[in-house]
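Participant: Just one file: target34.cif, with mmCIF, C-alpha atoms.
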```cif
data_protein
#
loop_
_atom_site.group_PDB
_atom_site.id
_atom_site.type_symbol
_atom_site.label_atom_id
_atom_site.label_comp_id
_atom_site.auth_asym_id
_atom_site.auth_seq_id
_atom_site.Cartn_x
_atom_site.Cartn_y
_atom_site.Cartn_z
ATOM 1 C CA MET A 2 19.227 -26.578 26.309
ATOM 2 C CA PRO A 3 20.147 -23.398 24.397
ATOM 3 C CA LYS A 4 21.142 -20.298 26.337
ATOM 4 C CA LEU A 5 20.405 -16.590 25.887
ATOM 5 C CA ILE A 6 21.863 -13.391 27.229
ATOM 6 C CA LYS A 7 19.064 -11.504 28.964
ATOM 7 C CA ASP A 8 19.597 -8.459 31.156
ATOM 8 C CA ARG A 9 23.352 -9.162 31.061
ATOM 9 C CA GLN A 10 22.941 -12.674 32.425
ATOM 10 C CA ILE A 11 23.042 -16.097 30.785
ATOM 11 C CA VAL A 12 19.643 -17.794 31.046
ATOM 12 C CA GLU A 13 17.993 -20.916 29.651
ATOM 13 C CA ASP A 14 16.056 -20.555 26.397
ATOM 14 C CA ASN A 15 12.798 -22.387 27.090
ATOM 15 C CA PHE A 16 11.105 -21.349 23.851
ATOM 16 C CA SER A 17 10.411 -23.682 20.924
ATOM 17 C CA LEU A 18 10.251 -22.106 17.472
ATOM 18 C CA LEU A 19 7.237 -23.326 15.500
ATOM 19 C CA LYS A 20 7.580 -22.912 11.741
ATOM 20 C CA LEU A 21 5.071 -23.002 8.923
ATOM 21 C CA ASN A 22 4.731 -26.460 7.411
ATOM 22 C CA GLU A 23 6.374 -27.157 4.041
ATOM 23 C CA ASP A 24 3.018 -26.710 2.303
ATOM 24 C CA GLY A 25 2.614 -23.283 3.939
ATOM 25 C CA SER A 26 -0.018 -24.428 6.418
ATOM 26 C CA LEU A 27 0.058 -23.346 10.038
ATOM 27 C CA PRO A 28 1.803 -25.539 12.607
ATOM 28 C CA ALA A 29 -0.064 -27.325 15.384
ATOM 29 C CA ILE A 30 0.208 -25.246 18.549
ATOM 30 C CA PRO A 31 0.939 -27.244 21.714
ATOM 31 C CA THR A 32 -1.272 -26.493 24.720
ATOM 32 C CA ASP A 33 1.685 -26.138 27.107
ATOM 33 C CA GLY A 34 5.194 -24.727 26.997
ATOM 34 C CA ASP A 35 6.819 -21.587 25.704
ATOM 35 C CA VAL A 36 6.530 -21.155 21.935
ATOM 36 C CA ILE A 37 7.433 -18.695 19.206
ATOM 37 C CA VAL A 38 4.814 -18.746 16.458
ATOM 38 C CA PRO A 39 4.900 -17.281 12.954
ATOM 39 C CA LEU A 40 2.988 -14.019 12.544
ATOM 40 C CA ALA A 41 0.467 -15.840 10.330
ATOM 41 C CA ALA A 42 -0.272 -18.308 13.152
ATOM 42 C CA TRP A 43 -0.812 -15.437 15.608
ATOM 43 C CA LEU A 44 -3.231 -13.723 13.251
ATOM 44 C CA ALA A 45 -5.169 -16.939 12.593
ATOM 45 C CA GLN A 46 -5.169 -18.421 16.118
ATOM 46 C CA LYS A 47 -4.929 -15.384 18.392
ATOM 47 C CA ASP A 48 -7.711 -16.387 20.800
ATOM 48 C CA ALA A 49 -6.361 -19.909 21.298
ATOM 49 C CA LEU A 50 -2.818 -18.624 21.822
ATOM 50 C CA LEU A 51 -3.958 -16.164 24.480
ATOM 51 C CA THR A 52 -5.569 -18.927 26.567
ATOM 52 C CA ARG A 53 -2.841 -21.585 26.401
ATOM 53 C CA ASN A 54 -0.430 -22.433 29.227
ATOM 54 C CA GLY A 55 3.024 -21.005 28.699
ATOM 55 C CA SER A 56 4.507 -17.888 27.196
ATOM 56 C CA THR A 57 3.983 -16.953 23.581
ATOM 57 C CA GLY A 58 6.370 -15.145 21.293
ATOM 58 C CA VAL A 59 5.927 -14.152 17.660
ATOM 59 C CA TRP A 60 8.305 -14.531 14.699
ATOM 60 C CA ILE A 61 8.302 -11.717 12.150
ATOM 61 C CA ASP A 62 9.927 -12.487 8.805
ATOM 62 C CA SER A 63 11.792 -9.768 6.949
ATOM 63 C CA HIS A 64 9.053 -9.445 4.303
ATOM 64 C CA GLU A 65 6.249 -9.057 6.880
ATOM 65 C CA GLU A 66 4.977 -5.690 8.068
ATOM 66 C CA VAL A 67 5.174 -5.076 11.824
ATOM 67 C CA GLU A 68 2.058 -2.897 11.480
ATOM 68 C CA THR A 69 0.115 -6.141 11.062
ATOM 69 C CA LEU A 70 1.037 -6.978 14.648
ATOM 70 C CA GLY A 71 0.307 -3.466 15.869
ATOM 71 C CA ASN A 72 -0.658 -2.997 19.504
ATOM 72 C CA ASP A 73 -0.714 -6.777 20.048
ATOM 73 C CA ALA A 74 3.066 -6.499 20.521
ATOM 74 C CA SER A 75 2.577 -5.948 24.247
ATOM 75 C CA LYS A 76 0.998 -9.408 24.580
ATOM 76 C CA PHE A 77 4.251 -11.235 23.823
ATOM 77 C CA ALA A 78 7.034 -12.423 26.064
ATOM 78 C CA LEU A 79 9.337 -11.904 23.077
ATOM 79 C CA VAL A 80 9.331 -10.842 19.465
ATOM 80 C CA ALA A 81 11.777 -12.634 17.150
ATOM 81 C CA ILE A 82 12.766 -10.775 14.000
ATOM 82 C CA ASN A 83 14.285 -12.655 11.076
ATOM 83 C CA PHE A 84 17.475 -11.267 9.544
ATOM 84 C CA PRO A 85 17.860 -13.345 6.352
ATOM 85 C CA ALA A 86 21.274 -11.829 5.589
ATOM 86 C CA PHE A 87 23.872 -10.010 7.639
ATOM 87 C CA THR A 88 23.507 -6.924 5.444
ATOM 88 C CA ASP A 89 19.674 -6.859 5.501
ATOM 89 C CA GLY A 90 18.661 -3.894 7.674
ATOM 90 C CA ARG A 91 14.893 -4.426 7.595
ATOM 91 C CA GLY A 92 15.020 -6.157 10.966
ATOM 92 C CA PHE A 93 16.420 -3.006 12.563
ATOM 93 C CA SER A 94 13.560 -0.972 11.105
ATOM 94 C CA THR A 95 11.069 -3.500 12.430
ATOM 95 C CA ALA A 96 12.613 -3.352 15.910
ATOM 96 C CA ARG A 97 12.575 0.428 15.893
ATOM 97 C CA LEU A 98 8.892 0.509 14.939
ATOM 98 C CA LEU A 99 8.078 -1.984 17.707
ATOM 99 C CA ARG A 100 9.755 0.249 20.295
ATOM 100 C CA GLU A 101 8.761 3.689 19.095
ATOM 101 C CA ARG A 102 5.296 3.176 17.655
ATOM 102 C CA TYR A 103 3.993 0.229 19.663
ATOM 103 C CA GLY A 104 5.873 0.673 22.944
ATOM 104 C CA TYR A 105 7.399 -2.824 22.979
ATOM 105 C CA ARG A 106 10.177 -3.258 25.530
#
```
Go ahead and express the file in the form of structure tokens.
Facilitator:
Amino acid sequence: MPKLIKDRQIVEDNFSLLKLNEDGSLPAIPTDGDVIVPLAAWLAQKDALLTRNGSTGVWIDSHEEVETLGNDASKFALVAINFPAFTDGRGFSTARLLRERYGYR
């Protein structure tokens, strides 16, 4: 199982990343387990995601606006931000907005 560094300790990564299907349709969301869903899936299936068993995280692509997520940020166990290239700084701007404007910690 993959590992993460969280609060200066190595911990298990129990999250599964769900991606959009090749045709652009939303993935099927499992009823149990920890998942990271694309922002589009959160927007379309918010009520179902809030009632499922397990933690939910959201994936924000570099071309997506964090303002779309808005105050819902506090509902997530994690927010994953895509950095498509090492030199692409949009992810840093997204993270800053999440912390300063929406209070995500």
Participant: Which neighbours of segment 49-55 of chain A fall inside 6 Å, counting all atoms listed in the file, when residues of the same chain fewer than 5 positions from it are skipped, and could you give them as a list in words?
Facilitator: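 Counting only the stated atoms, we get Thr32, Asp33, Gly34 and Asp35 of chain A.
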Participant: Any idea what the distance is between atom CA of Ile30 of chain A and atom CA of Gln46 of chain A?
Facilitator: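 Atom CA of Gln46 of chain A lies 9.0 Å from atom CA of Ile30 of chain A.
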Participant: Find the residue from A:Glu66, A:Ala42, A:Ser56, A:Asp8 that sits nearest to Leu21 of chain A; use all atoms listed in the file when measuring.
Facilitator: A:Ala42
Participant: Could you jot down the atom CA of Ser63 of chain A to atom CA of Asn83 of chain A separation for me, Å, one decimal place?
Facilitator: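 Here the two named atoms are 5.6 Å from each other.
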Participant: Would you compute the distance between atom CA of Leu44 of chain A and atom CA of Thr57 of chain A? Give it in Å to one decimal.
Facilitator: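 Taking atom CA of Leu44 of chain A and atom CA of Thr57 of chain A, their separation equals 13.0 Å.
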Participant: Measuring atom to atom with only C-alpha atoms, identify which of A:Lys47, A:Ile37, A:Asp14, A:Ser75 is nearest to Leu99 of chain A.
Facilitator: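 Of the candidates, the smallest distance to Leu99 of chain A is held by A:Ser75.
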Participant: I'd like to know which of A:Thr95, A:Gly58, A:Leu5, A:Phe16 is closest to Asp73 of chain A, using only C-alpha atoms.
Facilitator: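 Answer, going by the shortest atom-to-atom distance: A:Gly58.
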Participant: Which residues come within 10 Å of Pro85 of chain A, counting all atoms listed in the file, excluding same-chain residues fewer than 5 positions away, as a ChimeraX atom specification?
Facilitator: /A:62-64,90-92
Participant: May I ask which of the residues A:Glu65, A:Asp48, A:Glu23, A:Glu13 is the closest one to Phe84 of chain A, counting only C-alpha atoms?
Facilitator: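 Answer, going by the shortest atom-to-atom distance: A:Glu65.
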Participant: Taking into account all atoms listed in the file, which residue in the set A:Tyr103, A:Trp60, A:Phe93, A:Trp43 is nearest to Ala81 of chain A?
Facilitator: A:Trp60
Participant: Pick out the closest residue to Lys7 of chain A from this set: A:Leu79, A:Ala96, A:Ala45, A:Leu40. Count only C-alpha atoms.
Facilitator: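 Of A:Leu79, A:Ala96, A:Ala45, A:Leu40, the one nearest Lys7 of chain A, counting only C-alpha atoms, is A:Leu79.
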